[in-house]
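As stored in target00.txt (compact mmCIF, N, CA and C atoms):
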```
# COMPACT_ATOMS: atom_id res chain seq x y z
N MET A 1 0.84 -1.17 0.00
CA MET A 1 0.00 0.00 0.00
C MET A 1 0.89 1.24 0.00
N ALA A 2 0.56 2.23 -0.79
CA ALA A 2 1.37 3.43 -0.88
C ALA A 2 1.14 4.32 0.33
N ALA A 3 2.22 4.93 0.82
CA ALA A 3 2.12 5.79 1.99
C ALA A 3 1.68 7.20 1.62
N SER A 4 1.82 7.59 0.37
CA SER A 4 1.41 8.92 -0.03
C SER A 4 0.78 8.88 -1.42
N GLN A 5 0.02 9.92 -1.72
CA GLN A 5 -0.62 10.03 -3.02
C GLN A 5 -0.27 11.37 -3.63
N ILE A 6 -0.32 11.43 -4.94
CA ILE A 6 -0.06 12.68 -5.65
C ILE A 6 -1.41 13.32 -5.96
N THR A 7 -1.58 14.56 -5.53
CA THR A 7 -2.82 15.28 -5.77
C THR A 7 -2.80 15.86 -7.18
N PRO A 8 -3.96 16.33 -7.69
CA PRO A 8 -4.01 16.89 -9.05
C PRO A 8 -3.04 18.06 -9.25
N ASP A 9 -2.71 18.80 -8.19
CA ASP A 9 -1.78 19.93 -8.35
C ASP A 9 -0.32 19.49 -8.24
N GLY A 10 -0.06 18.17 -8.13
CA GLY A 10 1.28 17.65 -8.14
C GLY A 10 1.93 17.52 -6.78
N LYS A 11 1.22 17.91 -5.71
CA LYS A 11 1.79 17.81 -4.37
C LYS A 11 1.54 16.41 -3.80
N SER A 12 2.43 16.00 -2.92
CA SER A 12 2.30 14.70 -2.27
C SER A 12 1.68 14.88 -0.89
N THR A 13 0.66 14.05 -0.57
CA THR A 13 0.03 14.12 0.75
C THR A 13 0.27 12.80 1.46
N PRO A 14 0.97 12.82 2.58
CA PRO A 14 1.26 11.58 3.29
C PRO A 14 0.06 11.03 4.05
N GLY A 15 -0.25 9.77 3.86
CA GLY A 15 -1.22 8.96 4.59
C GLY A 15 -2.39 9.66 5.26
N THR A 16 -2.65 9.24 6.49
CA THR A 16 -3.82 9.67 7.24
C THR A 16 -3.79 11.16 7.55
N GLY A 17 -2.62 11.68 7.92
CA GLY A 17 -2.51 13.11 8.25
C GLY A 17 -2.89 13.98 7.06
N GLY A 18 -2.41 13.62 5.88
CA GLY A 18 -2.74 14.38 4.67
C GLY A 18 -4.21 14.29 4.35
N PHE A 19 -4.76 13.09 4.55
CA PHE A 19 -6.19 12.89 4.29
C PHE A 19 -7.01 13.80 5.19
N LEU A 20 -6.68 13.82 6.48
CA LEU A 20 -7.44 14.64 7.43
C LEU A 20 -7.30 16.13 7.13
N ARG A 21 -6.11 16.56 6.69
CA ARG A 21 -5.94 17.97 6.31
C ARG A 21 -6.81 18.30 5.10
N GLU A 22 -6.85 17.38 4.14
CA GLU A 22 -7.69 17.61 2.96
C GLU A 22 -9.17 17.64 3.32
N VAL A 23 -9.58 16.77 4.25
CA VAL A 23 -10.98 16.77 4.69
C VAL A 23 -11.31 18.12 5.33
N LYS A 24 -10.42 18.61 6.18
CA LYS A 24 -10.65 19.90 6.85
C LYS A 24 -10.78 21.02 5.81
N THR A 25 -9.91 21.00 4.80
CA THR A 25 -9.96 22.01 3.74
C THR A 25 -11.27 21.94 2.98
N GLU A 26 -11.70 20.73 2.62
CA GLU A 26 -12.94 20.56 1.86
C GLU A 26 -14.16 20.94 2.70
N MET A 27 -14.13 20.65 4.00
CA MET A 27 -15.27 20.98 4.86
C MET A 27 -15.46 22.49 4.97
N LYS A 28 -14.38 23.25 4.83
CA LYS A 28 -14.50 24.71 4.86
C LYS A 28 -15.21 25.23 3.62
N LYS A 29 -15.19 24.46 2.53
CA LYS A 29 -15.82 24.88 1.28
C LYS A 29 -17.32 24.58 1.24
N VAL A 30 -17.79 23.77 2.18
CA VAL A 30 -19.19 23.35 2.18
C VAL A 30 -20.08 24.52 2.57
N THR A 31 -21.18 24.67 1.85
CA THR A 31 -22.19 25.66 2.21
C THR A 31 -23.24 24.95 3.06
N TRP A 32 -23.21 25.19 4.36
CA TRP A 32 -24.11 24.51 5.28
C TRP A 32 -25.47 25.19 5.26
N PRO A 33 -26.56 24.42 5.40
CA PRO A 33 -27.90 25.03 5.42
C PRO A 33 -28.13 25.79 6.72
N THR A 34 -28.98 26.80 6.63
CA THR A 34 -29.36 27.53 7.83
C THR A 34 -30.31 26.66 8.65
N LYS A 35 -30.57 27.09 9.88
CA LYS A 35 -31.48 26.33 10.75
C LYS A 35 -32.86 26.24 10.10
N ARG A 36 -33.32 27.33 9.53
CA ARG A 36 -34.64 27.35 8.90
C ARG A 36 -34.70 26.39 7.70
N GLU A 37 -33.65 26.39 6.87
CA GLU A 37 -33.60 25.48 5.72
C GLU A 37 -33.57 24.03 6.19
N LEU A 38 -32.78 23.75 7.22
CA LEU A 38 -32.66 22.40 7.73
C LEU A 38 -34.00 21.89 8.25
N ILE A 39 -34.74 22.74 8.96
CA ILE A 39 -36.06 22.36 9.45
C ILE A 39 -36.99 22.09 8.27
N GLY A 40 -36.93 22.95 7.25
CA GLY A 40 -37.76 22.75 6.06
C GLY A 40 -37.45 21.45 5.34
N TYR A 41 -36.16 21.14 5.19
CA TYR A 41 -35.75 19.89 4.54
C TYR A 41 -36.21 18.68 5.36
N THR A 42 -36.08 18.80 6.68
CA THR A 42 -36.48 17.70 7.55
C THR A 42 -37.98 17.44 7.46
N VAL A 43 -38.76 18.49 7.48
CA VAL A 43 -40.22 18.35 7.36
C VAL A 43 -40.57 17.74 6.01
N THR A 44 -39.90 18.17 4.96
CA THR A 44 -40.15 17.62 3.62
C THR A 44 -39.86 16.13 3.57
N VAL A 45 -38.75 15.71 4.16
CA VAL A 45 -38.40 14.29 4.16
C VAL A 45 -39.41 13.47 4.96
N ILE A 46 -39.81 13.98 6.12
CA ILE A 46 -40.78 13.25 6.95
C ILE A 46 -42.12 13.13 6.23
N LEU A 47 -42.60 14.23 5.66
CA LEU A 47 -43.89 14.19 4.95
C LEU A 47 -43.82 13.29 3.71
N SER A 48 -42.72 13.34 2.99
CA SER A 48 -42.56 12.48 1.82
C SER A 48 -42.54 11.01 2.22
N SER A 49 -41.87 10.71 3.33
CA SER A 49 -41.82 9.33 3.82
C SER A 49 -43.21 8.85 4.25
N LEU A 50 -43.94 9.70 4.94
CA LEU A 50 -45.30 9.33 5.35
C LEU A 50 -46.20 9.12 4.14
N PHE A 51 -46.07 9.99 3.14
CA PHE A 51 -46.87 9.84 1.92
C PHE A 51 -46.55 8.53 1.21
N ALA A 52 -45.25 8.23 1.10
CA ALA A 52 -44.84 6.99 0.44
C ALA A 52 -45.36 5.78 1.21
N ALA A 53 -45.28 5.82 2.55
CA ALA A 53 -45.77 4.71 3.37
C ALA A 53 -47.28 4.53 3.18
N PHE A 54 -48.02 5.64 3.18
CA PHE A 54 -49.46 5.57 2.97
C PHE A 54 -49.78 5.00 1.59
N LEU A 55 -49.06 5.45 0.58
CA LEU A 55 -49.29 4.98 -0.78
C LEU A 55 -49.03 3.48 -0.89
N ILE A 56 -47.95 3.00 -0.30
CA ILE A 56 -47.65 1.57 -0.33
C ILE A 56 -48.72 0.79 0.42
N TRP A 57 -49.16 1.31 1.58
CA TRP A 57 -50.22 0.65 2.34
C TRP A 57 -51.51 0.57 1.53
N ALA A 58 -51.88 1.68 0.87
CA ALA A 58 -53.13 1.71 0.09
C ALA A 58 -53.07 0.72 -1.07
N ILE A 59 -51.95 0.69 -1.78
CA ILE A 59 -51.81 -0.25 -2.90
C ILE A 59 -51.88 -1.68 -2.38
N ASP A 60 -51.23 -1.95 -1.26
CA ASP A 60 -51.25 -3.30 -0.67
C ASP A 60 -52.67 -3.69 -0.27
N ALA A 61 -53.41 -2.76 0.34
CA ALA A 61 -54.78 -3.05 0.76
C ALA A 61 -55.67 -3.35 -0.45
N ILE A 62 -55.52 -2.55 -1.50
CA ILE A 62 -56.33 -2.75 -2.70
C ILE A 62 -56.00 -4.09 -3.36
N LEU A 63 -54.72 -4.39 -3.48
CA LEU A 63 -54.33 -5.66 -4.09
C LEU A 63 -54.77 -6.86 -3.23
N SER A 64 -54.77 -6.70 -1.92
CA SER A 64 -55.23 -7.78 -1.04
C SER A 64 -56.71 -8.07 -1.26
N VAL A 65 -57.50 -7.00 -1.37
CA VAL A 65 -58.94 -7.17 -1.61
C VAL A 65 -59.16 -7.82 -2.97
N LEU A 66 -58.47 -7.35 -3.99
CA LEU A 66 -58.62 -7.93 -5.33
C LEU A 66 -58.19 -9.39 -5.35
N PHE A 67 -57.11 -9.71 -4.67
CA PHE A 67 -56.63 -11.08 -4.62
C PHE A 67 -57.67 -11.99 -3.95
N ARG A 68 -58.26 -11.50 -2.84
CA ARG A 68 -59.29 -12.29 -2.15
C ARG A 68 -60.50 -12.52 -3.04
N LEU A 69 -60.89 -11.48 -3.81
CA LEU A 69 -62.04 -11.61 -4.71
C LEU A 69 -61.75 -12.65 -5.80
N VAL A 70 -60.57 -12.58 -6.37
CA VAL A 70 -60.19 -13.50 -7.44
C VAL A 70 -60.11 -14.92 -6.92
N MET A 71 -59.55 -15.10 -5.74
CA MET A 71 -59.36 -16.44 -5.17
C MET A 71 -60.62 -16.96 -4.48
N GLY A 72 -61.60 -16.10 -4.25
CA GLY A 72 -62.83 -16.51 -3.60
C GLY A 72 -62.67 -16.78 -2.12
N VAL A 73 -61.73 -16.13 -1.50
CA VAL A 73 -61.47 -16.29 -0.06
C VAL A 73 -62.15 -15.16 0.69
N GLN A 74 -62.78 -15.50 1.79
CA GLN A 74 -63.45 -14.46 2.59
C GLN A 74 -62.51 -13.81 3.55
```

Just dump the structure as structure tokens.
Amino acid sequence: MAASQITPDGKSTPGTGGFLREVKTEMKKVTWPTKRELIGYTVTVILSSLFAAFLIWAIDAILSVLFRLVMGVQ
């Protein structure tokens, strides 16, 4: 296993220490959401998940009824 890697700009970064420095540098470039945006995204994910769960439940219930009718099971 190689102890260092060559980055696109030609510099060598040694092992774990170089990796962690690069992670720190990249994390500074991240645009983090505001508290309000984060709450909005969270609500959207929860509501979408509930909608998907309801939709799957409804389709399952309908198919169960149709299957019982076709099979003649009460």

Secondary structure check, strand (DSSP E or B) residues of chain A, as a CSV table (one decimal) with N, CA and C atoms, keeping the file's coordinate frame:
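Output (result.csv):
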```
chain,number,residue,atom,x,y,z
A,4,SER,N,1.8,7.6,0.4
A,4,SER,CA,1.4,8.9,0.0
A,4,SER,C,0.8,8.9,-1.4
A,5,GLN,N,0.0,9.9,-1.7
A,5,GLN,CA,-0.6,10.0,-3.0
A,5,GLN,C,-0.3,11.4,-3.6
A,6,ILE,N,-0.3,11.4,-4.9
A,6,ILE,CA,-0.1,12.7,-5.6
A,6,ILE,C,-1.4,13.3,-6.0
A,12,SER,N,2.4,16.0,-2.9
A,12,SER,CA,2.3,14.7,-2.3
A,12,SER,C,1.7,14.9,-0.9
A,13,THR,N,0.7,14.0,-0.6
A,13,THR,CA,0.0,14.1,0.8
A,13,THR,C,0.3,12.8,1.5
A,14,PRO,N,1.0,12.8,2.6
A,14,PRO,CA,1.3,11.6,3.3
A,14,PRO,C,0.1,11.0,4.0
```

**OP:** Kindly give the distance, in Å, that separates atom N of Trp32 of chain A and atom N of Leu20 of chain A, rounded to a single decimal.
**Re:** 20.2 Å

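Going from atom CA of Gly40 of chain A to atom CA of Ile59 of chain A covers 28.4 Å.
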
**OP:** Would you list, as a ChimeraX atom specification, the residues of chain A that end up in alpha helix (DSSP H) under DSSP run on this structure's backbone?
**Re:** /A:15-29,35-71

Quick one: 6 Å padding each side, axis-aligned, all listed atoms of segment 12-30 of chain A - centre and edge lengths in Å to one decimal, as AutoDock Vina command-line options?
```
--center_x -8.8 --center_y 17.1 --center_z 2.7 --size_x 34.5 --size_y 28.3 --size_z 23.2
```

Original post:
Mind pulling up the distance from atom CA of Leu47 of chain A to atom C of Leu63 of chain A?
Top reply: 25.1 Å
